[in-house]
Amino acid sequence: MNIFKLSIKNIFNKPLSSSISLALLILGVGIISLLLQLNTLIKDQMDNNLRGIDMVVGAKGSPLQLILSSVYHIDSPTGNISFQEAENISKNRMVGSSIKILYGDNYKGYRIVGAEKKFIDLYKGVIKEGKDWEKPYEVLVGSKVYEKLKINLGDELVSSHGLRETGQSHDEGKFKVVGLLEPSNSVIDQLIITSPQSVWNIHNDHDHDDEDEHEHEHDDREITAMLIKFKSPMNIIQFPRQINENTNLQAAVPSYEISRLFKLFGFGIETLSYLAYLIIIVSGFSLFINLFNSMRERKYEMALIRTLGASRLQLSTMIIFESLVLTISGFVLGLLFSRFGVMFVSSLMEESLNYNLNSFKILNDEFWLLGLSILIGMVSSLIPAIQVYKMNISKILANA
Amino acid sequence: MLKTKELEFNYENQMFFKFQNIDLKSNENLLIIGDSGVGKTTLMHLLAGLLKSNSGSIKLFDKELNLMSPSQLDSFRKNNIGIVFQRPHFVNSLTVKENLQLAQYIANKKDNNRIEDILKNLNIFNKSNKKTNQLSQGEKQRASIALAIVNSPKLILADEPTSSLDDNNCAKVIELLKKQATDFGAQLIVITHDSRLKKHFKNTIEL
C-alpha cells in the first residue's frame with residue numbers, strides 16, 4: 001500500500017463521478033487529436049501528391065475540380081482538350097517538363113490512366129514484378145488496386161467505359177497486366193496505368209496505325225489534362241494567366257487551389273476545436289467539483305490518515321494524484337479514441353475515394369495536449385489539495 | 001511515562017480549559033472520566049499531539065510535546081500513539097487489511113504477519129478482505145482497535161470507546177482493549193464520561 005495506490009483505490013471507489021470527468025476529457029482530447037491527425041494526414045497526403053506539379057492544364061471549368069481530378073484522381077475531369085493544343089503549350093520556353101494524361105475507362109471503379117512514362121517517375125513508382133508496358137493494352141497496376149482486387153501478373157482486365165464501375169463494358173477494352181508497382185504512398189497506388197495509345201485505341205471506332213497518324217493533317221486526338229513543371233518558380237504567376245486569357249484551355253495551380261480548399265474547411269475545423277477545448281475546460285470543472293465534494297465526504301478519513309501520522313504533504317499529494325491519474329488516463333484514452341476515429345474515417349475514405357490515410361505517429365501538437373491535460377489535472381486539484389493541507393484535524397474529529 | 005503540568009487550552013471562541021496535573025508511571029493504565037463539556041476531547045487531542053496547549057507542559061515518554069513542530073508531532077504520533085475513536089473511522093475505499101497496510105506504510109513499516117496476528121487476535125481475520133462499510137458495528141469497533149495498534153504503539157488513547165454500548169458489550173470492549181494493550185505491550189489511556197468503566201481501572205482521574 002502507498003499513497004499512489006490509495007489514490008487509484010479512491011478513484012475506483014467512486015466509479016460514477018470519476019467516469020463523468022473522464023468521459024468529458026476523453027471526448028475533448030479525442031476530438032482535438034482526431035482533428036489534428038486528420039488535418040496532418042490529409043495535408044501530408046495532398047502535399048505528397050503535389051510534388052513536381054506546378055500547374056495543370058485542362059478543359060475550362062472549376063479549377064479545383066481540375067486539380068482534384070488530374071492530380072488527386074478523386075473528381076470527374078472537366079472535359080478533354082486537344083492533344084495539339086497541349087503540345088503547343090508544352091513547347092513554351094517557360095515549361096520545364098510536362099506530362100499528358102488521359103482518362104477513359106475504369107476497371108471495377110479503379111481509374112485507368114493513359115499517361116506518358118514520365119508519369120510513373122513523377123511519383124517515384126518502381127516496378128515490383130513484371131516489366132514496363134511496351135505495346136498498347138499493356139498496363140501497370142498500382143499496389144492498392146492489385147491488393148484489393150487480387151490481380152496477378154498476366155491477368156486480363158476488361159474495362160468499363162467512364163470512371164464509374166457501372167459504365168458499359170466494351171469487349172475491345174481488354175488490358176493485359178504486365179507489371180505490378182511497389183506501394184509508393186501516392187496516387188499511383190490506386191491507378192491502373194497504360195500508354196496513351198491504349199486509351200485512344202479503345203475510344204476510336206477505327207484504329208489508326210502509328211504510321212497513319214503522322215500523315216493525318218488534322219490530329220483529332222484528345223487528352224484530359226497536362227501536368228506541368230516550370231523551369232523557374234517565377235513563371236507560376238504569369239504563365240497560368242496567359243493561358244486562361246489567351247486560349248480556351250484552363251490552367252490551374254494546385255498549391256493555390258489546395259490552400260483555398262483548406263481555408264474552406266479550415267473554418268469548420270477551427271470551430272470544432274474551440275468546442276473541444278471548451279469540453280476539456282468543462283471536464284476540468286467537473287473534476288474540481290468531484291474532488292471538492294469527495295473532500296467533504298472524506299474529511300473524517302483524511303483526519304484519520306493524519307492521526308495515523310501521515311504528513312499534510314502526503315495527503316495533498318494523494319489528492320493531486322487522484323486528479324492526475326484521471327487526466328492522464330483521459331489523455332491516453334482520448335488518443336486511442338482518435339486513432340480509432342482516424343481508422344474509421346480512412347476506411348470510409350478508402351471506400352469512396354480510393355484514398356488511404358494510415359499513420360499512427362504521435363504529433364507534436366498532441367504532446368501539447370498532454371501538457372494541457374496535466375495542467376487541467378493540477379489546476380482542478382489545487383484548491384482541494386490546499387484545503388486538505390490546511391485541514392484542522394482536531395476540529396473535524398471533535399465534531400464527529 | 002506521562003507527566004502534564006499546568007496544562008491550559010483556550011479555543012478562539014473563548015472556551016477555556018485548565019487541566020489538572022497527570023502523572024502516570026510506565027506499565028499502568030489510566031481512566032480519565034468527566035462529564036460533557038469539561039474538555040475531555042480537548043485533553044485527548046492535546047495528549048495525541050493533534051492540538052497544542054497554550055501553556056503548561058506535556059511530557060510523554062520523556063519528550064516535551066509542546067516543543068515539537070507539527071511535522072515532528074506527526075512522526076512522534078505514528079511511532080508512539082494509537083488512537084481509538086468514539087466512532088470508528090476508516091478509509092472507505094480500502095478493505096480492512098488494506099487499511100492496516102496503509103497505516104503501516106505511513107509509519108514506514110511493512111509486516112503482513114503482524115496484520116494477520118492482530119486480526120486473528122481480534123477475531124475478525126475472516127473479514128480481512130471486506131470493505132469497512134460491510135462490517136457490523138462490533139466488527140467496526142474491533143477493526144478500529146486493530147488500526148490503533150497495528151504499528152505497535154507504546155500508548156493507546158481511546159476516546160469514549162464504550163459510550164454507545166450496552167453493559168454487556170461495554171465490559172467486553174474494555175476488556176478487549178486492556179487485553180490488546182497487554183498482549184502487544186502498550187499502555188492504555190481511556191477518556192470517557194462512562195462511569196461503568198471505573199471498576200475496570202485502578203488509576204482514575206476525574207476532570
# chains A, B, ... in the order shown; residues from 1 in each chain; ligands from 1
$ closest_atom_pairs --of "chain A" --to "chain B" --cutoff "12 Å" --atoms "only C-alpha atoms" --output "Markdown table"
| residue | atom | partner | partner_atom | distance |
| --- | --- | --- | --- | --- |
| A:Met1 | CA | B:Leu102 | CA | 5.5 |
| A:Asn2 | CA | B:Tyr105 | CA | 6.2 |
| A:Ile3 | CA | B:Leu102 | CA | 8.2 |
| A:Phe4 | CA | B:Leu102 | CA | 11.1 |
| A:Lys5 | CA | B:Leu102 | CA | 9.7 |
| A:Leu6 | CA | B:Leu94 | CA | 7.9 |
| A:Ser7 | CA | B:Ser93 | CA | 9.4 |
| A:Ile8 | CA | B:Ser93 | CA | 9.4 |
| A:Lys9 | CA | B:Ser93 | CA | 5.8 |
| A:Asn10 | CA | B:Ser93 | CA | 5.4 |
| A:Ile11 | CA | B:Ser93 | CA | 8.5 |
| A:Phe12 | CA | B:Ser93 | CA | 7.9 |
| A:Asn13 | CA | B:Ser93 | CA | 5.3 |
| A:Lys14 | CA | B:Ser93 | CA | 8.5 |
| A:Pro15 | CA | B:Ser93 | CA | 11.2 |
| A:Ser294 | CA | B:Asn92 | CA | 11.6 |
| A:Glu297 | CA | B:Asn92 | CA | 10.4 |
| A:Arg298 | CA | B:Val91 | CA | 8.1 |
| A:Lys299 | CA | B:Val91 | CA | 10.1 |
| A:Tyr300 | CA | B:His89 | CA | 6.6 |
| A:Glu301 | CA | B:Val91 | CA | 5.2 |
| A:Met302 | CA | B:Val91 | CA | 7.9 |
| A:Ala303 | CA | B:His89 | CA | 8.9 |
| A:Leu304 | CA | B:His89 | CA | 6.5 |
| A:Ile305 | CA | B:Ala103 | CA | 7.6 |
| A:Arg306 | CA | B:Asp74 | CA | 7.6 |
| A:Thr307 | CA | B:Arg77 | CA | 7.2 |
| A:Leu308 | CA | B:Lys78 | CA | 5.5 |
| A:Gly309 | CA | B:Lys78 | CA | 4.4 |
| A:Ala310 | CA | B:Ile106 | CA | 5.6 |
| A:Ser311 | CA | B:Asp74 | CA | 6.4 |
| A:Arg312 | CA | B:Ser71 | CA | 8.5 |
| A:Leu313 | CA | B:Ser71 | CA | 10.1 |
| A:Gln314 | CA | B:Ile106 | CA | 9.1 |
| A:Leu315 | CA | B:Ile106 | CA | 10.8 |
| A:Met391 | CA | B:Leu50 | CA | 11.6 |
| A:Asn392 | CA | B:Leu50 | CA | 8.8 |
| A:Ile393 | CA | B:Leu50 | CA | 7.0 |
| A:Ser394 | CA | B:Leu50 | CA | 5.8 |
| A:Lys395 | CA | B:Leu51 | CA | 9.3 |
| A:Ile396 | CA | B:Leu50 | CA | 10.9 |
| A:Leu397 | CA | B:Phe85 | CA | 8.5 |
| A:Ala398 | CA | B:Thr41 | CA | 6.6 |
| A:Asn399 | CA | B:Thr41 | CA | 10.0 |
| A:Ala400 | CA | B:Arg87 | CA | 7.3 |
$ residues_around --residues "Gly96 in chain A" --least-positions-apart "4" --cutoff "6 Å" --atoms "only C-alpha atoms" --output "PyMOL selection string"
chain A and resi 229-231
$ residues_around --residues "Leu326 in chain A" --least-positions-apart "2" --cutoff "8 Å" --atoms "only C-alpha atoms" --output "VMD selection string"
chain A and resid 18 21 to 22 322 to 324 328 to 330 377
